[in-house]
$ cat protein_1.tsv   # TSV, C-alpha atoms
chain	number	residue	atom	x	y	z
A	1	MET	CA	-14.80	-4.53	-10.26
A	2	ASN	CA	-14.31	-8.13	-11.22
A	3	PRO	CA	-13.59	-9.95	-7.94
A	4	ASP	CA	-11.24	-12.34	-9.77
A	5	LEU	CA	-9.15	-9.50	-11.06
A	6	ILE	CA	-5.57	-9.97	-9.91
A	7	GLU	CA	-4.16	-7.00	-11.71
A	8	LEU	CA	-5.64	-3.65	-10.93
A	9	VAL	CA	-4.38	-1.28	-13.58
A	10	CYS	CA	-3.85	2.47	-13.39
A	11	LYS	CA	-7.05	3.12	-15.34
A	12	ASP	CA	-8.98	1.39	-12.54
A	13	VAL	CA	-7.34	3.67	-9.97
A	14	VAL	CA	-8.60	6.73	-11.83
A	15	GLU	CA	-12.11	5.30	-11.70
A	16	LEU	CA	-11.92	4.27	-8.04
A	17	VAL	CA	-10.02	7.15	-6.51
A	18	THR	CA	-13.06	9.27	-5.61
A	19	GLY	CA	-14.68	6.39	-3.76
A	20	TYR	CA	-11.36	5.68	-2.07
A	21	LEU	CA	-11.03	9.24	-0.82
A	22	ASP	CA	-14.71	9.37	0.20
A	23	ARG	CA	-14.27	6.04	2.00
A	24	THR	CA	-17.25	4.61	0.15
A	25	LEU	CA	-15.29	1.94	-1.73
A	26	PRO	CA	-16.04	-1.70	-0.80
A	27	VAL	CA	-13.30	-3.23	1.34
A	28	GLU	CA	-12.13	-5.62	-1.41
A	29	ASP	CA	-11.63	-2.78	-3.89
A	30	ARG	CA	-9.98	-0.63	-1.27
A	31	ILE	CA	-7.44	-3.35	-0.49
A	32	ARG	CA	-6.67	-4.01	-4.17
A	33	LEU	CA	-6.26	-0.29	-4.74
A	34	GLU	CA	-3.89	0.09	-1.79
A	35	GLN	CA	-1.88	-2.92	-2.96
A	36	HIS	CA	-1.66	-1.32	-6.40
A	37	LEU	CA	-0.47	1.95	-4.88
A	38	LEU	CA	2.42	0.17	-3.18
A	39	THR	CA	3.68	-0.96	-6.57
A	40	CYS	CA	2.88	2.15	-8.59
A	41	PRO	CA	4.61	5.46	-7.77
A	42	PRO	CA	2.70	7.36	-10.51
A	43	CYS	CA	-0.69	6.35	-9.04
A	44	THR	CA	0.57	7.28	-5.57
A	45	ALA	CA	1.46	10.72	-6.91
A	46	TYR	CA	-1.92	10.97	-8.63
A	47	LEU	CA	-3.72	10.16	-5.39
A	48	ALA	CA	-1.70	12.82	-3.56
A	49	GLN	CA	-2.61	15.37	-6.24
A	50	MET	CA	-6.28	14.48	-5.94
A	51	ARG	CA	-6.13	14.89	-2.16
A	52	THR	CA	-4.50	18.31	-2.51
A	53	THR	CA	-7.02	19.38	-5.14
A	54	ILE	CA	-9.95	18.38	-2.94
A	55	GLU	CA	-8.45	20.18	0.07
A	56	LEU	CA	-7.87	23.36	-1.92
A	57	ALA	CA	-11.26	23.21	-3.60
A	58	SER	CA	-13.00	22.82	-0.25
A	59	ASP	CA	-11.61	26.23	0.77
A	60	VAL	CA	-13.07	27.95	-2.29
A	61	GLY	CA	-16.64	27.75	-1.03
A	62	ARG	CA	-15.80	29.53	2.22
A	63	ALA	CA	-17.02	33.13	2.48
A	64	PRO	CA	-14.22	35.70	2.80
A	65	THR	CA	-13.74	37.44	6.13
A	66	GLU	CA	-15.40	40.82	6.59
A	67	GLU	CA	-12.06	42.55	6.21
A	68	VAL	CA	-11.21	40.77	2.97
A	69	GLY	CA	-14.73	41.37	1.70
A	70	ALA	CA	-14.42	45.13	2.34
A	71	GLU	CA	-11.05	45.19	0.53
A	72	LEU	CA	-12.54	43.40	-2.46
A	73	VAL	CA	-15.48	45.85	-2.62
A	74	ALA	CA	-13.09	48.81	-2.42
A	75	LEU	CA	-10.90	47.35	-5.19
A	76	PHE	CA	-13.94	46.74	-7.35
A	77	ARG	CA	-15.18	50.31	-6.83
A	78	ARG	CA	-11.78	51.73	-7.77
A	79	TRP	CA	-11.62	49.54	-10.83
A	80	HIS	CA	-15.21	50.36	-11.80
A	81	GLY	CA	-14.57	54.05	-11.25
A	82	LYS	CA	-11.58	53.96	-13.64
A	83	GLY	CA	-13.52	52.11	-16.29
A	84	SER	CA	-16.56	54.40	-16.35
B	1	MET	CA	0.82	-13.07	19.30
B	2	LYS	CA	3.59	-12.02	16.93
B	3	ALA	CA	2.71	-10.18	13.71
B	4	TYR	CA	4.46	-8.00	11.15
B	5	LYS	CA	3.93	-4.74	9.37
B	6	PHE	CA	5.61	-2.80	6.60
B	7	LEU	CA	5.86	0.92	7.24
B	8	ALA	CA	7.34	3.94	5.49
B	9	SER	CA	10.63	5.32	6.82
B	10	GLY	CA	10.29	6.52	10.40
B	11	ALA	CA	7.60	3.96	11.31
B	12	ILE	CA	4.88	5.83	9.43
B	13	ALA	CA	1.81	3.95	8.18
B	14	PRO	CA	1.86	4.43	4.40
B	15	PHE	CA	-1.85	5.07	3.90
B	16	SER	CA	-3.10	6.67	7.12
B	17	GLY	CA	0.10	8.59	7.86
B	18	PHE	CA	-0.11	7.37	11.46
B	19	ALA	CA	3.22	7.57	13.29
B	20	TRP	CA	3.62	4.36	15.25
B	21	PRO	CA	5.25	4.73	18.67
B	22	THR	CA	8.68	3.16	18.29
B	23	PRO	CA	10.54	0.95	20.78
B	24	ASP	CA	12.97	2.53	23.20
B	25	GLY	CA	15.93	0.23	23.47
B	26	ASP	CA	14.60	-3.16	24.53
B	27	ARG	CA	11.23	-1.71	25.54
B	28	PRO	CA	8.49	-2.11	22.88
B	29	GLY	CA	6.64	0.94	21.62
B	30	ALA	CA	3.41	2.03	23.31
B	31	TRP	CA	0.28	0.02	22.61
B	32	VAL	CA	-1.93	1.37	19.83
B	33	GLU	CA	-5.53	0.48	20.54
B	34	ALA	CA	-8.64	0.52	18.34
B	35	GLY	CA	-11.45	2.52	19.89
B	36	GLY	CA	-14.44	0.39	18.98
B	37	PRO	CA	-15.34	-2.75	17.06
B	38	LEU	CA	-12.82	-3.92	14.49
B	39	ALA	CA	-13.63	-3.14	10.87
B	40	PRO	CA	-11.47	-3.80	7.80
B	41	CYS	CA	-9.91	-0.62	6.40
B	42	GLU	CA	-11.65	1.38	9.12
B	43	ARG	CA	-10.74	0.41	12.67
B	44	GLY	CA	-8.06	-1.74	14.22
B	45	ALA	CA	-4.37	-2.42	13.82
B	46	HIS	CA	-3.90	-3.79	10.31
B	47	VAL	CA	-0.98	-6.21	10.42
B	48	CYS	CA	0.50	-9.10	8.44
B	49	ARG	CA	0.79	-12.76	9.12
B	50	PRO	CA	3.91	-14.22	7.46
B	51	ILE	CA	1.83	-15.38	4.47
B	52	ASP	CA	0.61	-11.81	3.84
B	53	LEU	CA	3.97	-10.05	3.71
B	54	ALA	CA	4.51	-9.87	-0.05
B	55	HIS	CA	1.27	-7.95	-0.56
B	56	TRP	CA	2.31	-4.98	1.57
B	57	LEU	CA	5.98	-4.31	0.87
B	58	HIS	CA	7.40	-0.99	1.99
B	59	GLU	CA	10.54	0.65	3.31
B	60	GLU	CA	10.68	-0.75	6.85
B	61	LEU	CA	9.65	-4.15	8.15
B	62	TRP	CA	8.57	-4.30	11.80
B	63	GLU	CA	7.78	-7.09	14.20
B	64	LEU	CA	4.75	-6.38	16.38
B	65	GLU	CA	2.95	-7.87	19.29
B	66	VAL	CA	-0.84	-7.98	18.92
B	67	ASP	CA	-3.42	-8.57	21.58
B	68	GLY	CA	-7.17	-8.61	22.14
B	69	ASP	CA	-9.83	-9.32	19.52
B	70	ARG	CA	-8.64	-10.30	16.07
B	71	ILE	CA	-10.32	-10.78	12.72
B	72	ASP	CA	-8.97	-12.23	9.51
B	73	ALA	CA	-9.02	-9.85	6.58
B	74	ILE	CA	-8.01	-10.04	2.93
B	75	ASP	CA	-4.23	-10.47	2.93
B	76	GLY	CA	-3.96	-9.43	6.55
B	77	LEU	CA	-5.12	-9.54	10.12
B	78	ILE	CA	-6.86	-6.85	12.14
B	79	ALA	CA	-6.18	-6.66	15.85
B	80	GLN	CA	-7.65	-4.74	18.76
B	81	ARG	CA	-4.25	-3.54	19.86
B	82	ALA	CA	-0.70	-3.74	18.71
B	83	ARG	CA	2.75	-2.38	19.48
B	84	LEU	CA	6.04	-2.30	17.64
B	85	VAL	CA	8.61	-4.65	19.12
B	86	ARG	CA	11.58	-4.35	16.76
B	87	ARG	CA	12.49	-3.15	13.34
B	88	VAL	CA	13.79	-5.94	11.11
B	89	ASP	CA	16.91	-4.12	9.99
B	90	GLY	CA	17.93	-6.79	7.51
B	91	TRP	CA	15.06	-5.72	5.28
B	92	HIS	CA	16.17	-2.14	4.61
B	93	GLN	CA	19.87	-2.99	4.85
B	94	GLY	CA	20.03	-4.73	1.51
B	95	GLY	CA	17.42	-7.40	2.15
B	96	ALA	CA	14.71	-5.75	0.10
B	97	ALA	CA	17.01	-5.60	-2.91
B	98	ARG	CA	17.93	-9.28	-2.53
B	99	PHE	CA	14.23	-10.10	-2.25
B	100	GLY	CA	13.44	-8.27	-5.50
B	101	GLU	CA	16.19	-10.17	-7.29
B	102	ALA	CA	14.98	-13.50	-5.83
B	103	CYS	CA	11.44	-12.80	-7.06
B	104	ALA	CA	12.61	-12.03	-10.58
B	105	ARG	CA	14.82	-15.14	-10.61
B	106	HIS	CA	12.10	-17.43	-9.27
B	107	ALA	CA	9.51	-16.19	-11.74
B	108	ALA	CA	11.95	-16.78	-14.62
B	109	GLU	CA	12.51	-20.34	-13.38
B	110	VAL	CA	8.77	-21.02	-13.14
B	111	VAL	CA	8.21	-19.64	-16.63
B	112	ASP	CA	11.09	-21.66	-18.09
B	113	ALA	CA	9.80	-24.83	-16.45
B	114	ALA	CA	6.28	-24.36	-17.77
B	115	SER	CA	5.40	-26.32	-20.87
B	116	GLY	CA	4.91	-24.35	-24.06
B	117	SER	CA	6.48	-21.06	-24.97
B	118	ALA	CA	5.85	-17.95	-22.94
B	119	GLY	CA	4.08	-15.13	-24.72
B	120	ALA	CA	5.45	-11.65	-25.19
B	121	ASP	CA	3.41	-10.36	-22.27
B	122	VAL	CA	5.01	-12.91	-19.92
B	123	ARG	CA	8.51	-12.06	-21.18
B	124	GLY	CA	7.63	-8.40	-20.73
B	125	TYR	CA	6.67	-8.94	-17.11
B	126	LEU	CA	9.86	-10.92	-16.49
B	127	ASP	CA	11.90	-8.06	-17.97
B	128	ASP	CA	9.97	-5.58	-15.81
B	129	ALA	CA	10.60	-7.70	-12.71
B	130	ALA	CA	14.35	-7.88	-13.38
B	131	MET	CA	14.64	-4.20	-14.24
B	132	ALA	CA	12.62	-3.06	-11.22
B	133	ALA	CA	14.67	-5.25	-8.90
B	134	GLN	CA	17.92	-3.83	-10.30
B	135	SER	CA	16.60	-0.27	-10.10
B	136	GLY	CA	15.68	-0.40	-6.41
B	137	TYR	CA	11.95	-1.02	-6.70
B	138	PRO	CA	11.52	-4.45	-5.09
B	139	ALA	CA	7.76	-4.07	-4.61
B	140	VAL	CA	7.27	-3.36	-8.31
B	141	GLY	CA	9.60	-6.22	-9.21
B	142	ALA	CA	7.79	-8.70	-6.97
B	143	PHE	CA	4.43	-7.69	-8.40
B	144	ALA	CA	5.64	-8.01	-12.00
B	145	ALA	CA	7.19	-11.39	-11.17
B	146	ALA	CA	3.87	-12.67	-9.79
B	147	LEU	CA	2.06	-11.40	-12.88
B	148	ALA	CA	4.50	-13.24	-15.15
B	149	VAL	CA	3.83	-16.50	-13.30
B	150	ALA	CA	0.08	-15.87	-13.36
B	151	ARG	CA	0.07	-15.44	-17.12
B	152	VAL	CA	2.23	-18.35	-18.14
B	153	GLY	CA	-0.24	-21.12	-17.43
B	154	ASP	CA	-3.92	-21.79	-17.92
B	155	ARG	CA	-5.85	-18.52	-17.93
B	156	ALA	CA	-8.50	-20.00	-15.62
B	157	ASP	CA	-5.79	-20.69	-13.02
B	158	ALA	CA	-4.24	-17.22	-13.26
B	159	GLY	CA	-5.65	-15.92	-9.98
B	160	ALA	CA	-4.52	-18.98	-8.04
B	161	ALA	CA	-1.09	-18.91	-9.71
B	162	PHE	CA	-0.69	-15.25	-8.79
B	163	ARG	CA	-1.49	-15.99	-5.15
B	164	ARG	CA	0.83	-19.02	-5.09
B	165	GLU	CA	3.68	-16.85	-6.29
B	166	ARG	CA	2.85	-14.19	-3.72
B	167	ALA	CA	2.87	-16.95	-1.07
B	168	TRP	CA	6.30	-18.06	-2.30
B	169	GLN	CA	7.51	-14.46	-2.02
B	170	SER	CA	6.09	-14.11	1.50
B	171	ALA	CA	7.78	-17.36	2.51
B	172	TRP	CA	11.08	-16.04	1.15
B	173	ILE	CA	10.82	-12.99	3.39
B	174	ALA	CA	9.87	-15.11	6.38
B	175	ARG	CA	12.81	-17.48	5.80
B	176	ALA	CA	15.27	-14.66	5.36
B	177	PHE	CA	14.25	-12.31	8.14
B	178	LEU	CA	11.77	-13.66	10.69

$ encode --input "protein_1.tsv" --output "structure tokens"
Amino acid sequence: MNPDLIELVCKDVVELVTGYLDRTLPVEDRIRLEQHLLTCPPCTAYLAQMRTTIELASDVGRAPTEEVGAELVALFRRWHGKGS
Amino acid sequence: MKAYKFLASGAIAPFSGFAWPTPDGDRPGAWVEAGGPLAPCERGAHVCRPIDLAHWLHEELWELEVDGDRIDAIDGLIAQRARLVRRVDGWHQGGAARFGEACARHAAEVVDAASGSAGADVRGYLDDAAMAAQSGYPAVGAFAAALAVARVGDRADAGAAFRRERAWQSAWIARAFL
């Protein structure tokens, strides 16, 4: 980002939000982004949505419990049995 | 040393979600201490000097006491430990709205006083500042007001003009409430 930039616009937030959430953004950019958030309810909402999405997506990779796995296999067998 | 901090309603830090321990009557809140070396945006109590206030507007304004190591940061100060001393009730009891209106008014005066005619973008920011102030969004209004002032003069001076207007806004808060 241009260090002389006084006006961080919403488009910049979209580009910077991943780094912000990963905490890899340089301090200067992080501060400008936070100052923008204080004056921009839509970007604040966008950031909250991104956080929620990342939290939910991080659960997807988790293996199901043994019980849930057995239920899924049973459901699949029933479904497969009907279809054949 | 005295410092200040804007927080969301209930003394909640707007970005970290940290709930600051609040004062009990005349007794300040518990000390909040950084566990390790201070680092901007990472570790330490991030607070405002009076000159920084306009950059961090939020629902509640608090006076704090800070102690221990301190480092200057961009638009703020980072301290080893801090505690809330008192909430500045004038801010959320109508003061924020008055501030937003003052910012819009001041920016309009600066623009009117500047030589040459203001462009449509400047007039647009002034309109935004006035509308945001009237609609209960003082932080948005103050930001738009500073942008109007930044854009009215020499483009090369825009950054400095923006910061001068933010300094004027911070001084207004300090005069009115601190």

$ residues_around --input "protein_1.tsv" --residues "B:Asp24" --least-positions-apart "5" --cutoff "12 Å" --atoms "all atoms listed in the file" --output "PDB file with C-alpha atoms, keeping the file's coordinate frame"
ATOM      1  CA  GLY B  29       6.640   0.940  21.620  1.00  0.00           C
ATOM      2  CA  ALA B  30       3.410   2.030  23.310  1.00  0.00           C
ATOM      3  CA  ARG B  83       2.750  -2.380  19.480  1.00  0.00           C
ATOM      4  CA  LEU B  84       6.040  -2.300  17.640  1.00  0.00           C
ATOM      5  CA  VAL B  85       8.610  -4.650  19.120  1.00  0.00           C
ATOM      6  CA  ARG B  86      11.580  -4.350  16.760  1.00  0.00           C
ATOM      7  CA  ARG B  87      12.490  -3.150  13.340  1.00  0.00           C
TER       8      ARG B  87
END

$ interface_residues --input "protein_1.tsv" --of "chain B" --to "chain A" --cutoff "6 Å" --atoms "all atoms listed in the file" --output "list in words"
Ala139, Val140 and Gly159 of chain B

$ write_last_selection --input "protein_1.tsv" --atoms "C-alpha atoms" --output "PDB file, in the coordinates of the input"
ATOM      1  CA  ALA B 139       7.760  -4.070  -4.610  1.00  0.00           C
ATOM      2  CA  VAL B 140       7.270  -3.360  -8.310  1.00  0.00           C
ATOM      3  CA  GLY B 159      -5.650 -15.920  -9.980  1.00  0.00           C
TER       4      GLY B 159
END

$ residues_around --input "protein_1.tsv" --residues "B:Gly141" --least-positions-apart "2" --cutoff "7 Å" --atoms "only C-alpha atoms" --output "list of chain:residue names"
B:Gly100, B:Ala104, B:Asp128, B:Ala129, B:Ala130, B:Ala132, B:Ala133, B:Tyr137, B:Pro138, B:Ala139, B:Phe143, B:Ala144, B:Ala145

$ write_last_selection --input "protein_1.tsv" --atoms "C-alpha atoms" --output "JSON list (two decimals), in the coordinates of the input"
[["chain", "number", "residue", "atom", "x", "y", "z"],
["B", 100, "GLY", "CA", 13.44, -8.27, -5.50],
["B", 104, "ALA", "CA", 12.61, -12.03, -10.58],
["B", 128, "ASP", "CA", 9.97, -5.58, -15.81],
["B", 129, "ALA", "CA", 10.60, -7.70, -12.71],
["B", 130, "ALA", "CA", 14.35, -7.88, -13.38],
["B", 132, "ALA", "CA", 12.62, -3.06, -11.22],
["B", 133, "ALA", "CA", 14.67, -5.25, -8.90],
["B", 137, "TYR", "CA", 11.95, -1.02, -6.70],
["B", 138, "PRO", "CA", 11.52, -4.45, -5.09],
["B", 139, "ALA", "CA", 7.76, -4.07, -4.61],
["B", 143, "PHE", "CA", 4.43, -7.69, -8.40],
["B", 144, "ALA", "CA", 5.64, -8.01, -12.00],
["B", 145, "ALA", "CA", 7.19, -11.39, -11.17]]

$ residues_near_point --input "protein_1.tsv" --point "(-8.5, 6.3, -2.6)" --cutoff "9 Å" --atoms "only C-alpha atoms" --output "list in words"
Val13, Leu16, Val17, Thr18, Gly19, Tyr20, Leu21, Asp22, Arg23, Leu25, Arg30, Leu33, Glu34, Leu47 and Arg51 of chain A

$ atom_distance --input "protein_1.tsv" --atom1 "atom CA of A:Cys43" --atom2 "atom CA of B:Ala148"
21.2 Å

$ atom_distance --input "protein_1.tsv" --atom1 "atom CA of B:Glu109" --atom2 "atom CA of B:Glu59"
26.9 Å

$ atom_distance --input "protein_1.tsv" --atom1 "atom CA of B:Gly44" --atom2 "atom CA of B:Ala79"
5.5 Å

$ axis_aligned_box --input "protein_1.tsv" --around "stretch 51-54 of chain B" --padding-each-side "8 Å" --output "lines of an AutoDock Vina configuration file"
center_x = 2.6
center_y = -12.6
center_z = 2.2
size_x = 19.9
size_y = 21.5
size_z = 20.5

$ residues_around --input "protein_1.tsv" --residues "B:Arg70" --least-positions-apart "3" --cutoff "8 Å" --atoms "all atoms listed in the file" --output "count of residues only"
6
